[in-house]
Each structure stands twice: as C-alpha cells, then as structure tokens.
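Student: Next comes protein-v2.pdb, PDB, C-alpha atoms and all ligand atoms:
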```pdb
ATOM      1  CA  MET A 125      -2.097  -8.132  11.969  1.00  0.00           C
ATOM      2  CA  LEU A 126       0.274 -10.687  10.584  1.00  0.00           C
ATOM      3  CA  THR A 127       4.031 -10.878  10.453  1.00  0.00           C
ATOM      4  CA  VAL A 128       5.712 -10.520   7.069  1.00  0.00           C
ATOM      5  CA  TYR A 129       9.387 -10.730   6.286  1.00  0.00           C
ATOM      6  CA  ASP A 130       9.865 -10.530   2.546  1.00  0.00           C
ATOM      7  CA  TYR A 131       8.799  -8.868  -0.704  1.00  0.00           C
ATOM      8  CA  SER A 132       6.755 -11.645  -2.328  1.00  0.00           C
ATOM      9  CA  MET A 133       4.632 -12.246   0.752  1.00  0.00           C
ATOM     10  CA  ALA A 134       4.247  -8.509   1.333  1.00  0.00           C
ATOM     11  CA  ARG A 135       2.959  -8.183  -2.262  1.00  0.00           C
ATOM     12  CA  ILE A 136       0.292 -10.787  -1.513  1.00  0.00           C
ATOM     13  CA  LEU A 137      -0.668  -9.300   1.864  1.00  0.00           C
ATOM     14  CA  ALA A 138      -0.681  -5.748   0.486  1.00  0.00           C
ATOM     15  CA  ASN A 139      -4.109  -6.274  -1.052  1.00  0.00           C
ATOM     16  CA  THR A 140      -5.748  -8.067   1.872  1.00  0.00           C
ATOM     17  CA  GLU A 141      -7.979  -6.624   4.580  1.00  0.00           C
ATOM     18  CA  LEU A 142      -5.218  -6.819   7.200  1.00  0.00           C
ATOM     19  CA  ASP A 143      -4.790  -3.548   9.122  1.00  0.00           C
ATOM     20  CA  GLY A 144      -1.153  -3.958   9.975  1.00  0.00           C
ATOM     21  CA  LEU A 145       1.990  -5.832   8.971  1.00  0.00           C
ATOM     22  CA  LEU A 146       4.693  -6.662  11.477  1.00  0.00           C
ATOM     23  CA  VAL A 147       8.275  -7.172  10.402  1.00  0.00           C
ATOM     24  CA  GLY A 148       8.821  -9.213  13.545  1.00  0.00           C
ATOM     25  CA  ASP A 149      12.164 -10.288  14.902  1.00  0.00           C
ATOM     26  CA  SER A 150      10.657 -13.788  14.744  1.00  0.00           C
ATOM     27  CA  LEU A 151      12.240 -13.594  11.279  1.00  0.00           C
ATOM     28  CA  GLY A 152      15.351 -14.829  13.100  1.00  0.00           C
ATOM     29  CA  MET A 153      13.795 -18.255  13.548  1.00  0.00           C
ATOM     30  CA  ASN A 154      11.407 -18.310  10.592  1.00  0.00           C
ATOM     31  CA  MET A 155      13.651 -16.912   7.870  1.00  0.00           C
ATOM     32  CA  LEU A 156      17.189 -17.339   9.150  1.00  0.00           C
ATOM     33  CA  GLY A 157      17.112 -20.498  11.271  1.00  0.00           C
ATOM     34  CA  PHE A 158      18.377 -18.877  14.466  1.00  0.00           C
ATOM     35  CA  PRO A 159      17.578 -20.603  17.784  1.00  0.00           C
ATOM     36  CA  SER A 160      15.917 -17.461  19.223  1.00  0.00           C
ATOM     37  CA  THR A 161      15.418 -13.746  18.572  1.00  0.00           C
ATOM     38  CA  LEU A 162      18.602 -12.871  20.496  1.00  0.00           C
ATOM     39  CA  GLN A 163      20.739 -13.373  17.375  1.00  0.00           C
ATOM     40  CA  VAL A 164      18.748 -10.848  15.313  1.00  0.00           C
ATOM     41  CA  THR A 165      20.527  -7.534  14.645  1.00  0.00           C
ATOM     42  CA  MET A 166      19.604  -4.126  13.238  1.00  0.00           C
ATOM     43  CA  LYS A 167      21.255  -5.235   9.988  1.00  0.00           C
ATOM     44  CA  HIS A 168      18.811  -8.143   9.662  1.00  0.00           C
ATOM     45  CA  MET A 169      15.824  -5.934  10.519  1.00  0.00           C
ATOM     46  CA  ILE A 170      16.859  -3.297   7.963  1.00  0.00           C
ATOM     47  CA  HIS A 171      17.359  -5.932   5.242  1.00  0.00           C
ATOM     48  CA  HIS A 172      13.900  -7.430   5.751  1.00  0.00           C
ATOM     49  CA  THR A 173      12.194  -4.057   6.293  1.00  0.00           C
ATOM     50  CA  ARG A 174      13.496  -2.877   2.909  1.00  0.00           C
ATOM     51  CA  ALA A 175      12.070  -5.944   1.205  1.00  0.00           C
ATOM     52  CA  VAL A 176       8.629  -5.415   2.766  1.00  0.00           C
ATOM     53  CA  VAL A 177       8.595  -1.663   2.115  1.00  0.00           C
ATOM     54  CA  ARG A 178       9.361  -2.253  -1.581  1.00  0.00           C
ATOM     55  CA  ALA A 179       5.993  -4.002  -1.881  1.00  0.00           C
ATOM     56  CA  PHE A 180       4.174  -0.735  -1.038  1.00  0.00           C
ATOM     57  CA  PRO A 181       1.566  -2.385   1.210  1.00  0.00           C
ATOM     58  CA  ARG A 182      -1.445  -0.264   2.123  1.00  0.00           C
ATOM     59  CA  GLN A 183      -1.182  -1.423   5.748  1.00  0.00           C
ATOM     60  CA  LEU A 184       0.680   0.121   8.656  1.00  0.00           C
ATOM     61  CA  ILE A 185       4.204  -1.338   8.740  1.00  0.00           C
ATOM     62  CA  VAL A 186       5.434  -1.969  12.284  1.00  0.00           C
ATOM     63  CA  VAL A 187       9.053  -3.091  12.665  1.00  0.00           C
ATOM     64  CA  ASP A 188      10.495  -4.841  15.716  1.00  0.00           C
ATOM     65  CA  MET A 189      13.479  -3.258  17.420  1.00  0.00           C
ATOM     66  CA  PRO A 190      15.899  -6.183  17.837  1.00  0.00           C
ATOM     67  CA  PHE A 191      17.662  -7.253  21.025  1.00  0.00           C
ATOM     68  CA  LEU A 192      20.327  -4.716  22.135  1.00  0.00           C
ATOM     69  CA  SER A 193      19.025  -1.970  19.830  1.00  0.00           C
ATOM     70  CA  TYR A 194      17.235  -0.137  22.668  1.00  0.00           C
ATOM     71  CA  GLU A 195      18.511  -1.563  25.971  1.00  0.00           C
ATOM     72  CA  THR A 196      21.793   0.304  26.336  1.00  0.00           C
ATOM     73  CA  SER A 197      20.756   3.975  26.212  1.00  0.00           C
ATOM     74  CA  ASN A 198      18.030   6.414  25.242  1.00  0.00           C
ATOM     75  CA  GLU A 199      20.297   7.752  22.528  1.00  0.00           C
ATOM     76  CA  SER A 200      20.924   4.417  20.824  1.00  0.00           C
ATOM     77  CA  ALA A 201      17.220   3.598  21.120  1.00  0.00           C
ATOM     78  CA  ILE A 202      16.264   6.847  19.365  1.00  0.00           C
ATOM     79  CA  ARG A 203      18.944   6.347  16.687  1.00  0.00           C
ATOM     80  CA  ASN A 204      17.918   2.776  15.955  1.00  0.00           C
ATOM     81  CA  ALA A 205      14.196   3.588  15.935  1.00  0.00           C
ATOM     82  CA  GLY A 206      15.002   6.507  13.639  1.00  0.00           C
ATOM     83  CA  THR A 207      16.961   4.259  11.290  1.00  0.00           C
ATOM     84  CA  LEU A 208      13.995   1.891  10.986  1.00  0.00           C
ATOM     85  CA  ALA A 209      11.695   4.860  10.314  1.00  0.00           C
ATOM     86  CA  GLN A 210      14.094   6.097   7.623  1.00  0.00           C
ATOM     87  CA  GLU A 211      13.892   2.643   6.024  1.00  0.00           C
ATOM     88  CA  GLY A 212      10.103   2.928   5.830  1.00  0.00           C
ATOM     89  CA  ALA A 213       8.734   1.676   9.147  1.00  0.00           C
ATOM     90  CA  ASP A 214       5.549   3.530  10.127  1.00  0.00           C
ATOM     91  CA  ALA A 215       6.132   2.504  13.740  1.00  0.00           C
ATOM     92  CA  VAL A 216       8.514   0.421  15.815  1.00  0.00           C
ATOM     93  CA  LYS A 217       7.755  -2.214  18.445  1.00  0.00           C
ATOM     94  CA  LEU A 218       9.878  -2.992  21.454  1.00  0.00           C
ATOM     95  CA  GLU A 219       9.515  -5.398  24.348  1.00  0.00           C
ATOM     96  CA  GLY A 220       8.897  -4.552  27.990  1.00  0.00           C
ATOM     97  CA  GLY A 221       6.685  -2.441  30.232  1.00  0.00           C
ATOM     98  CA  VAL A 222       7.642  -0.356  33.253  1.00  0.00           C
ATOM     99  CA  GLU A 223      11.349  -0.940  32.574  1.00  0.00           C
ATOM    100  CA  VAL A 224      11.199   0.622  29.091  1.00  0.00           C
ATOM    101  CA  TYR A 225       9.008   3.592  30.075  1.00  0.00           C
ATOM    102  CA  GLU A 226      11.752   6.130  29.427  1.00  0.00           C
ATOM    103  CA  ARG A 227      12.873   4.547  26.150  1.00  0.00           C
ATOM    104  CA  VAL A 228       9.344   4.519  24.752  1.00  0.00           C
ATOM    105  CA  SER A 229       8.744   8.094  25.858  1.00  0.00           C
ATOM    106  CA  LYS A 230      11.980   9.342  24.232  1.00  0.00           C
ATOM    107  CA  ILE A 231      11.337   7.526  20.947  1.00  0.00           C
ATOM    108  CA  VAL A 232       7.767   8.829  20.749  1.00  0.00           C
ATOM    109  CA  LYS A 233       8.961  12.358  21.528  1.00  0.00           C
ATOM    110  CA  SER A 234      11.479  12.073  18.700  1.00  0.00           C
ATOM    111  CA  GLY A 235       8.549  11.529  16.325  1.00  0.00           C
ATOM    112  CA  ILE A 236       8.367   7.760  15.920  1.00  0.00           C
ATOM    113  CA  PRO A 237       5.223   5.881  16.978  1.00  0.00           C
ATOM    114  CA  VAL A 238       5.880   2.966  19.329  1.00  0.00           C
ATOM    115  CA  MET A 239       3.923  -0.246  19.808  1.00  0.00           C
ATOM    116  CA  GLY A 240       4.515  -1.905  23.165  1.00  0.00           C
ATOM    117  CA  HIS A 241       4.860  -5.654  23.781  1.00  0.00           C
ATOM    118  CA  ILE A 242       4.204  -7.191  27.199  1.00  0.00           C
ATOM    119  CA  GLY A 243       3.563 -10.609  28.711  1.00  0.00           C
ATOM    120  CA  LEU A 244       5.835 -13.218  27.183  1.00  0.00           C
ATOM    121  CA  THR A 245       8.622 -11.082  25.747  1.00  0.00           C
ATOM    122  CA  PRO A 246      10.769 -13.521  23.732  1.00  0.00           C
ATOM    123  CA  GLN A 247      13.901 -11.335  23.864  1.00  0.00           C
ATOM    124  CA  ARG A 248      13.886 -11.998  27.639  1.00  0.00           C
ATOM    125  CA  PHE A 249      13.264 -15.744  27.531  1.00  0.00           C
ATOM    126  CA  LEU A 250      16.444 -16.352  29.522  1.00  0.00           C
ATOM    127  CA  THR A 251      15.335 -14.357  32.565  1.00  0.00           C
ATOM    128  CA  LEU A 252      11.682 -15.399  32.135  1.00  0.00           C
ATOM    129  CA  GLY A 253      12.785 -19.024  32.404  1.00  0.00           C
ATOM    130  CA  GLY A 254      11.593 -19.989  28.936  1.00  0.00           C
ATOM    131  CA  TYR A 255       8.570 -19.341  26.753  1.00  0.00           C
ATOM    132  CA  ARG A 256       5.852 -19.618  29.359  1.00  0.00           C
ATOM    133  CA  THR A 257       2.581 -17.959  30.277  1.00  0.00           C
ATOM    134  CA  VAL A 258       3.081 -14.791  32.299  1.00  0.00           C
ATOM    135  CA  LYS A 259       0.730 -14.726  35.287  1.00  0.00           C
ATOM    136  CA  ASP A 260       1.538 -11.667  37.412  1.00  0.00           C
ATOM    137  CA  GLU A 261      -1.607  -9.577  36.890  1.00  0.00           C
ATOM    138  CA  GLN A 262      -0.453  -6.548  38.902  1.00  0.00           C
ATOM    139  CA  LYS A 263       2.859  -6.389  37.015  1.00  0.00           C
ATOM    140  CA  LEU A 264       1.100  -6.738  33.637  1.00  0.00           C
ATOM    141  CA  LEU A 265      -1.378  -3.972  34.458  1.00  0.00           C
ATOM    142  CA  ALA A 266       1.455  -1.712  35.631  1.00  0.00           C
ATOM    143  CA  ASP A 267       3.362  -2.475  32.411  1.00  0.00           C
ATOM    144  CA  ALA A 268       0.369  -1.624  30.219  1.00  0.00           C
ATOM    145  CA  ARG A 269      -0.311   1.616  32.110  1.00  0.00           C
ATOM    146  CA  ALA A 270       3.354   2.617  31.875  1.00  0.00           C
ATOM    147  CA  LEU A 271       3.340   2.083  28.112  1.00  0.00           C
ATOM    148  CA  GLU A 272       0.162   4.080  27.675  1.00  0.00           C
ATOM    149  CA  GLU A 273       1.591   6.909  29.753  1.00  0.00           C
ATOM    150  CA  ALA A 274       4.869   6.807  27.820  1.00  0.00           C
ATOM    151  CA  GLY A 275       2.896   7.376  24.623  1.00  0.00           C
ATOM    152  CA  ALA A 276       2.708   3.917  23.014  1.00  0.00           C
ATOM    153  CA  PHE A 277      -0.100   3.884  20.429  1.00  0.00           C
ATOM    154  CA  SER A 278      -0.890   0.203  20.871  1.00  0.00           C
ATOM    155  CA  ILE A 279       0.215  -2.764  22.991  1.00  0.00           C
ATOM    156  CA  VAL A 280       0.859  -6.379  21.987  1.00  0.00           C
ATOM    157  CA  ILE A 281      -0.050  -8.798  24.778  1.00  0.00           C
ATOM    158  CA  GLU A 282       1.597 -12.190  24.349  1.00  0.00           C
ATOM    159  CA  ASN A 283       0.833 -15.423  26.174  1.00  0.00           C
ATOM    160  CA  VAL A 284      -1.046 -14.266  29.274  1.00  0.00           C
ATOM    161  CA  TYR A 285      -4.331 -15.552  30.730  1.00  0.00           C
ATOM    162  CA  SER A 286      -7.308 -14.243  28.745  1.00  0.00           C
ATOM    163  CA  GLU A 287      -8.861 -12.723  31.892  1.00  0.00           C
ATOM    164  CA  ILE A 288      -5.778 -10.573  32.398  1.00  0.00           C
ATOM    165  CA  ALA A 289      -5.684  -9.530  28.733  1.00  0.00           C
ATOM    166  CA  ARG A 290      -9.350  -8.536  29.039  1.00  0.00           C
ATOM    167  CA  LYS A 291      -8.668  -6.469  32.121  1.00  0.00           C
ATOM    168  CA  ILE A 292      -5.748  -4.683  30.467  1.00  0.00           C
ATOM    169  CA  THR A 293      -7.892  -4.014  27.391  1.00  0.00           C
ATOM    170  CA  GLU A 294     -10.569  -2.465  29.633  1.00  0.00           C
ATOM    171  CA  GLU A 295      -8.105  -0.389  31.603  1.00  0.00           C
ATOM    172  CA  VAL A 296      -5.964   1.202  28.917  1.00  0.00           C
ATOM    173  CA  SER A 297      -7.251   3.513  26.210  1.00  0.00           C
ATOM    174  CA  VAL A 298      -4.868   2.357  23.467  1.00  0.00           C
ATOM    175  CA  PRO A 299      -5.730  -0.715  21.378  1.00  0.00           C
ATOM    176  CA  THR A 300      -4.441  -4.088  22.576  1.00  0.00           C
ATOM    177  CA  ILE A 301      -3.290  -6.666  20.038  1.00  0.00           C
ATOM    178  CA  CYS A 302      -3.157 -10.192  21.371  1.00  0.00           C
ATOM    179  CA  ILE A 303      -1.260 -13.363  20.557  1.00  0.00           C
ATOM    180  CA  GLY A 304      -1.953 -16.377  22.734  1.00  0.00           C
ATOM    181  CA  ALA A 305      -3.910 -14.135  25.106  1.00  0.00           C
ATOM    182  CA  GLY A 306      -7.516 -14.848  24.182  1.00  0.00           C
ATOM    183  CA  PRO A 307     -10.317 -13.045  22.347  1.00  0.00           C
ATOM    184  CA  HIS A 308     -10.950 -10.043  24.608  1.00  0.00           C
ATOM    185  CA  CYS A 309      -8.495  -7.725  22.884  1.00  0.00           C
ATOM    186  CA  ASP A 310      -8.963  -5.026  20.276  1.00  0.00           C
ATOM    187  CA  GLY A 311      -6.991  -6.979  17.672  1.00  0.00           C
ATOM    188  CA  GLN A 312      -5.030 -10.158  17.012  1.00  0.00           C
ATOM    189  CA  VAL A 313      -1.586 -10.823  15.582  1.00  0.00           C
ATOM    190  CA  LEU A 314      -0.093 -14.092  14.330  1.00  0.00           C
ATOM    191  CA  VAL A 315       3.131 -15.260  12.776  1.00  0.00           C
ATOM    192  CA  ILE A 316       2.404 -15.925   9.109  1.00  0.00           C
ATOM    193  CA  HIS A 317       4.397 -19.171   9.141  1.00  0.00           C
ATOM    194  CA  ASP A 318       1.972 -20.540  11.759  1.00  0.00           C
ATOM    195  CA  LEU A 319      -1.100 -19.471   9.764  1.00  0.00           C
ATOM    196  CA  LEU A 320       0.205 -21.032   6.553  1.00  0.00           C
ATOM    197  CA  GLY A 321       1.626 -24.205   8.104  1.00  0.00           C
ATOM    198  CA  MET A 322       5.224 -23.392   7.238  1.00  0.00           C
ATOM    199  CA  GLY A 323       6.836 -23.302  10.668  1.00  0.00           C
ATOM    200  CA  ASP A 324       8.925 -25.894  12.487  1.00  0.00           C
ATOM    201  CA  VAL A 325       6.375 -26.015  15.311  1.00  0.00           C
ATOM    202  CA  GLU A 326       2.580 -25.695  15.450  1.00  0.00           C
ATOM    203  CA  PRO A 327       1.715 -23.534  18.482  1.00  0.00           C
ATOM    204  CA  TYR A 328      -1.669 -24.229  20.112  1.00  0.00           C
ATOM    205  CA  PHE A 329      -2.529 -20.519  20.102  1.00  0.00           C
ATOM    206  CA  ALA A 330      -2.232 -20.244  16.319  1.00  0.00           C
ATOM    207  CA  LYS A 331      -4.639 -21.588  13.711  1.00  0.00           C
ATOM    208  CA  LYS A 332      -3.238 -23.368  10.682  1.00  0.00           C
ATOM    209  CA  TYR A 333      -5.368 -22.200   7.739  1.00  0.00           C
ATOM    210  CA  LEU A 334      -3.148 -23.890   5.162  1.00  0.00           C
ATOM    211  CA  ASP A 335      -0.748 -26.829   5.193  1.00  0.00           C
ATOM    212  CA  LEU A 336       1.796 -25.147   2.971  1.00  0.00           C
ATOM    213  CA  LYS A 337       4.674 -27.401   4.026  1.00  0.00           C
ATOM    214  CA  ALA A 338       2.739 -30.397   2.687  1.00  0.00           C
ATOM    215  CA  GLU A 339       1.601 -28.469  -0.418  1.00  0.00           C
ATOM    216  CA  ILE A 340       5.159 -27.443  -1.261  1.00  0.00           C
ATOM    217  CA  SER A 341       6.573 -30.935  -0.676  1.00  0.00           C
ATOM    218  CA  ASN A 342       3.845 -32.343  -2.903  1.00  0.00           C
ATOM    219  CA  ALA A 343       4.507 -29.839  -5.691  1.00  0.00           C
ATOM    220  CA  VAL A 344       8.236 -30.560  -5.604  1.00  0.00           C
ATOM    221  CA  LYS A 345       7.582 -34.306  -5.630  1.00  0.00           C
ATOM    222  CA  LYS A 346       5.423 -33.940  -8.768  1.00  0.00           C
ATOM    223  CA  TYR A 347       8.044 -31.756 -10.435  1.00  0.00           C
ATOM    224  CA  VAL A 348      10.811 -34.313  -9.814  1.00  0.00           C
ATOM    225  CA  GLU A 349       8.553 -37.121 -11.066  1.00  0.00           C
ATOM    226  CA  ASP A 350       7.664 -35.129 -14.201  1.00  0.00           C
ATOM    227  CA  VAL A 351      11.304 -34.379 -14.981  1.00  0.00           C
ATOM    228  CA  LYS A 352      12.280 -38.015 -14.525  1.00  0.00           C
ATOM    229  CA  SER A 353       9.376 -39.296 -16.621  1.00  0.00           C
ATOM    230  CA  GLY A 354       9.813 -36.672 -19.340  1.00  0.00           C
ATOM    231  CA  GLN A 355       6.447 -34.984 -18.641  1.00  0.00           C
ATOM    232  CA  PHE A 356       8.263 -31.720 -17.959  1.00  0.00           C
ATOM    233  CA  PRO A 357       9.183 -29.653 -19.859  1.00  0.00           C
ATOM    234  CA  GLY A 358       6.072 -30.152 -21.978  1.00  0.00           C
ATOM    235  CA  ARG A 359       5.716 -28.893 -25.531  1.00  0.00           C
ATOM    236  CA  GLU A 360       4.272 -25.561 -24.261  1.00  0.00           C
ATOM    237  CA  ASN A 361       7.279 -24.928 -22.063  1.00  0.00           C
ATOM    238  CA  TYR A 362       9.910 -24.452 -24.756  1.00  0.00           C
ATOM    239  CA  LYS A 363      10.458 -22.980 -28.208  1.00  0.00           C
ATOM    240  CA  SER A 364      11.808 -24.844 -31.199  1.00  0.00           C
ATOM    241  CA  ARG A 365      12.590 -23.698 -34.753  1.00  0.00           C
ATOM    242  CA  GLU A 366       9.539 -25.497 -36.127  1.00  0.00           C
ATOM    243  CA  SER A 367       7.028 -23.443 -34.126  1.00  0.00           C
TER     244      SER A 367
HETATM  245  O1  LIG B 401       8.287 -11.135  16.198  1.00  0.00           O
HETATM  246  C1  LIG B 401       7.076 -11.447  16.241  1.00  0.00           C
HETATM  247  O2  LIG B 401       6.606 -12.273  15.454  1.00  0.00           O
HETATM  248  C2  LIG B 401       6.233 -10.796  17.256  1.00  0.00           C
HETATM  249  C3  LIG B 401       4.821 -11.129  17.417  1.00  0.00           C
HETATM  250  C4  LIG B 401       4.233 -12.347  17.003  1.00  0.00           C
HETATM  251  C5  LIG B 401       4.012 -10.266  18.236  1.00  0.00           C
HETATM  252  O3  LIG B 401       6.737  -9.978  17.970  1.00  0.00           O
HETATM  253 NA    NA B 402       8.963  -9.901  18.002  1.00  0.00          NA
END
```
Give the structure from the file, written as structure tokens.
Tutor:
Amino acid sequence: MLTVYDYSMARILANTELDGLLVGDSLGMNMLGFPSTLQVTMKHMIHHTRAVVRAFPRQLIVVDMPFLSYETSNESAIRNAGTLAQEGADAVKLEGGVEVYERVSKIVKSGIPVMGHIGLTPQRFLTLGGYRTVKDEQKLLADARALEEAGAFSIVIENVYSEIARKITEEVSVPTICIGAGPHCDGQVLVIHDLLGMGDVEPYFAKKYLDLKAEISNAVKKYVEDVKSGQFPGRENYKSRES
C-alpha cells in the first residue's frame, strides 16, 4: 500500500501493482503544511477522497477517519465513516486498539469495512509523548486481538519492534500492514512523499526510491534559464502566421 492524496498521483498509481491506496490523514502535513494530523478535518478528508476516487483506481481505497471524527460517540463515528463510504471509500481506517473496540464494531456492523491502526498512533502523539517506538507488547497484542474481534479486516502496525509485529501477525487472523515495524507482516505501507523524496523529512523506516525534490528543482532551474536565455519557447512551442 501507499498513501495518495490527489487525482494526478492516483491516476499514476491506478495502473500499478499496488493492492491498496490510503488517503491518509498524513495529507495534513504533506499536502497542507499542518504541524500534525490533529488539524485535519472531515472536510479535508472528503476533498482529497473525491480527488482520488475520480481517478478510478483499481485498488482498494482506504480513507483515514480524522481526529475527532470517531472519538465522541458511536453515532458520529458511524455517520462520519458512512460519509466517507458515500464519497467512494471502500474502507475506513481509524487509530487505536482496545479503546476503540466498540467504535470499530459499530462501524463494521453498519456495513463499512474498518482497517485498524495500532502502535504509534499519530493522532495521539500528545499523550504518547511524541512520535516514538511503542514497546508494550502485552498492550499491543491486546489491541490487535480487540480489533480482530471487533471485525477489523486488517491492521496497520506503526513503529513497534519487529519481534512484536511478528508476534501480532502470527496471533491474529487478519492481515497486518506494517510501517516502521519490520518485515514480518503480511503487507507494507509507506507515505508516497517518503518513497519519492518529496517530504520535509526522510524517515529511516522509509526507502527513498526517487529524489523528486532535487529533480523538480533541477527542472525548474532549467526552465528559468531557458526563458532568460531565449531557449524557451522554442519554435515548436508556438504558432505563427507563416507556419
Ligand atoms: O496517514 C498515513 O499516512 C497513515 C499511514 C502511513 C499508515 O496512516
Ligand atoms: Na493516518
């Protein structure tokens, strides 16, 4: 899986061998310049979901439920999950384990598949004390079991020791999708900005397959040079009466 936030990228990813696309609330940082995911609202998620859905990707589209869209009540969680499904999400993802058991169960029972997300849950970075590796094995196992029992079809495991991710993967029947949690999972997910070298930071757990920031800067530099030197527009780039 990879994250995707917009139409043009979704068009490109639509024809790849990826199994799933995640409209992640990491769009808050990567697309909107927010300091964290706490500023992301349902309005933002709907806007970006529509753009991705318009690309008609062949992959499963999972959409993150943003902060405060599922915490306050079962009813608002079902309504907000339902809204994302109406916009074209095939499934929603929300953060937490044991503490969101009831929410996940209610959303699934209302007919919307739910992907869980445990370990480092960025919407709770304030109470977690930052973006750090989560080490409580018993709590993580309980979280994964709770999600499975609540009916989650898959679980993202973020930033935990690989041994723990392996154990969870062995113990639950639903597929685990890892990020920063090692190779012993059923699948992997990354933020596309990290893969393409477009992000502000370069996390150790991601692999930069392209240096797109450098490529883009270089292309723009050449364009400015060409305009200044008269190389662009070239004769093929415009029409005149004589031809
Ligand atoms: O929002 C996001 O990008 C995510 C993942 C990377 C799992 O939730
Ligand atoms: Na997210």
Student: I need the output of the PyMOL selection byres (((not hetatm)) within 6 of (chain B and resi 402)) for this file as a ChimeraX atom specification; which residues are they?
Tutor: /A:148-150,188
Student: Please, which residues have at least one atom within 8 Å of an atom of ligand LIG 401 (chain B), using only C-alpha atoms and all ligand atoms, listed as an mmCIF file with C-alpha atoms, in the frame of the given file?
Tutor:
```
data_model
loop_
_atom_site.group_PDB
_atom_site.id
_atom_site.type_symbol
_atom_site.label_atom_id
_atom_site.label_comp_id
_atom_site.auth_asym_id
_atom_site.auth_seq_id
_atom_site.Cartn_x
_atom_site.Cartn_y
_atom_site.Cartn_z
ATOM 1 C CA LEU A 126 0.274 -10.687 10.584
ATOM 2 C CA THR A 127 4.031 -10.878 10.453
ATOM 3 C CA LEU A 146 4.693 -6.662 11.477
ATOM 4 C CA VAL A 147 8.275 -7.172 10.402
ATOM 5 C CA GLY A 148 8.821 -9.213 13.545
ATOM 6 C CA ASP A 149 12.164 -10.288 14.902
ATOM 7 C CA SER A 150 10.657 -13.788 14.744
ATOM 8 C CA LEU A 151 12.240 -13.594 11.279
ATOM 9 C CA THR A 161 15.418 -13.746 18.572
ATOM 10 C CA ASP A 188 10.495 -4.841 15.716
ATOM 11 C CA LYS A 217 7.755 -2.214 18.445
ATOM 12 C CA HIS A 241 4.860 -5.654 23.781
ATOM 13 C CA PRO A 246 10.769 -13.521 23.732
ATOM 14 C CA VAL A 280 0.859 -6.379 21.987
ATOM 15 C CA ILE A 281 -0.050 -8.798 24.778
ATOM 16 C CA GLU A 282 1.597 -12.190 24.349
ATOM 17 C CA CYS A 302 -3.157 -10.192 21.371
ATOM 18 C CA ILE A 303 -1.260 -13.363 20.557
ATOM 19 C CA VAL A 313 -1.586 -10.823 15.582
ATOM 20 C CA LEU A 314 -0.093 -14.092 14.330
ATOM 21 C CA VAL A 315 3.131 -15.260 12.776
#
```
Student: For a quick check of understanding, using all atoms listed in the file, which of A:Arg269, A:Arg178, A:Lys332, A:Arg135 has the smallest distance to Tyr225 of chain A?
Tutor: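 Distance minimum relative to Tyr225 of chain A lands on A:Arg269.
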Student: Go through A:Met189, A:Met322, A:Val258, A:Ala209 one by one, measure the shortest atom-to-atom distance of each to Gly304 of chain A using all atoms listed in the file, and give the residue with the smallest value.
Tutor: A:Val258
Student: Go through the shown structure with the PyMOL selection byres (((chain A and resi 155) around 10) and not hetatm) and write out the matching residues as a list in words.
Tutor: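 Applied to this file, the PyMOL selection byres (((chain A and resi 155) around 10) and not hetatm) returns Tyr129, Asp130, Asp149, Ser150, Leu151, Gly152, Met153, Asn154, Leu156, Gly157, Phe158, His172, His317 and Gly323 of chain A.
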Student: Quick one: which residues end up in the PyMOL selection byres (((chain A and resi 285) around 12) and not hetatm) for this structure, as a list in words?
Tutor: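 So the PyMOL selection byres (((chain A and resi 285) around 12) and not hetatm) ends up selecting Gly243, Leu244, Arg256, Thr257, Val258, Lys259, Asp260, Glu261, Leu264, Ile281, Glu282, Asn283, Val284, Ser286, Glu287, Ile288, Ala289, Arg290, Lys291, Ile292, Cys302, Ile303, Gly304, Ala305, Gly306, Pro307, His308, Cys309 and Phe329 of chain A.
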Student: Work out how far atom CA of Val228 of chain A is from atom CA of Met125 of chain A, in Å to one decimal.
Tutor: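 Value for the atom CA of Met125 of chain A-atom CA of Val228 of chain A distance: 21.3 Å.
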Student: Ranking A:Ser200, A:Glu211, A:Gly311, A:Val216 by minimum distance to Val187 of chain A and counting only C-alpha atoms, which one comes first?
Tutor: A:Val216
Student: Measuring atom to atom with all atoms listed in the file, identify which of A:Ala276, A:Val128, A:Ala338, A:Ile202 is nearest to Ala175 of chain A.
Tutor: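 For Ala175 of chain A, the nearest of the given residues is A:Val128.
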Student: May I have the residues within 12 Å of Leu208 of chain A as a PyMOL selection string, using all atoms listed in the file and disregarding those fewer than 5 positions away in the same chain?
Tutor: chain A and resi 147+166-174+177+185-190+193+201-203+213-217+231+236-238
Student: So the first atom is atom CA of Ser278 of chain A and the second is atom CA of Thr300 of chain A; what is the distance between them in Å, to one decimal place?
Tutor: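 Separation of atom CA of Ser278 of chain A and atom CA of Thr300 of chain A: 5.8 Å.
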Student: What is the distance between atom CA of Val325 of chain A and atom CA of Thr245 of chain A, in Å to one decimal?
Tutor: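 Taking atom CA of Val325 of chain A and atom CA of Thr245 of chain A, their separation equals 18.4 Å.
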Student: Could you name the residues that touch Ala274 of chain A at 9 Å or less, counting only C-alpha atoms, but leaving out those on the same chain fewer than 4 positions away, as a PyMOL selection string?
Tutor: chain A and resi 224-230+232+269-270
Student: Would you compute an axis-aligned box for segment 230-242 of chain A, covering every atom listed for it in the file with 3 Å of margin on each side, and report centre and edge lengths in Å to one decimal as AutoDock Vina command-line options?
Tutor:
```
--center_x 8.0 --center_y 2.6 --center_z 21.6 --size_x 14.1 --size_y 25.5 --size_z 17.3
```
Student: Smallest atom-to-atom distance to Tyr333 of chain A: which of A:Ile316, A:Ile136, A:Val298, A:Ile279, using all atoms listed in the file?
Tutor: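 Nearest to Tyr333 of chain A: A:Ile316.
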Student: Using only C-alpha atoms, find the one residue out of A:Ile301, A:Pro327, A:Asn198, A:Gly235 that sits nearest to Gly144 of chain A.
Tutor: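 Looking at the shortest contact to Gly144 of chain A, the residue is A:Ile301.
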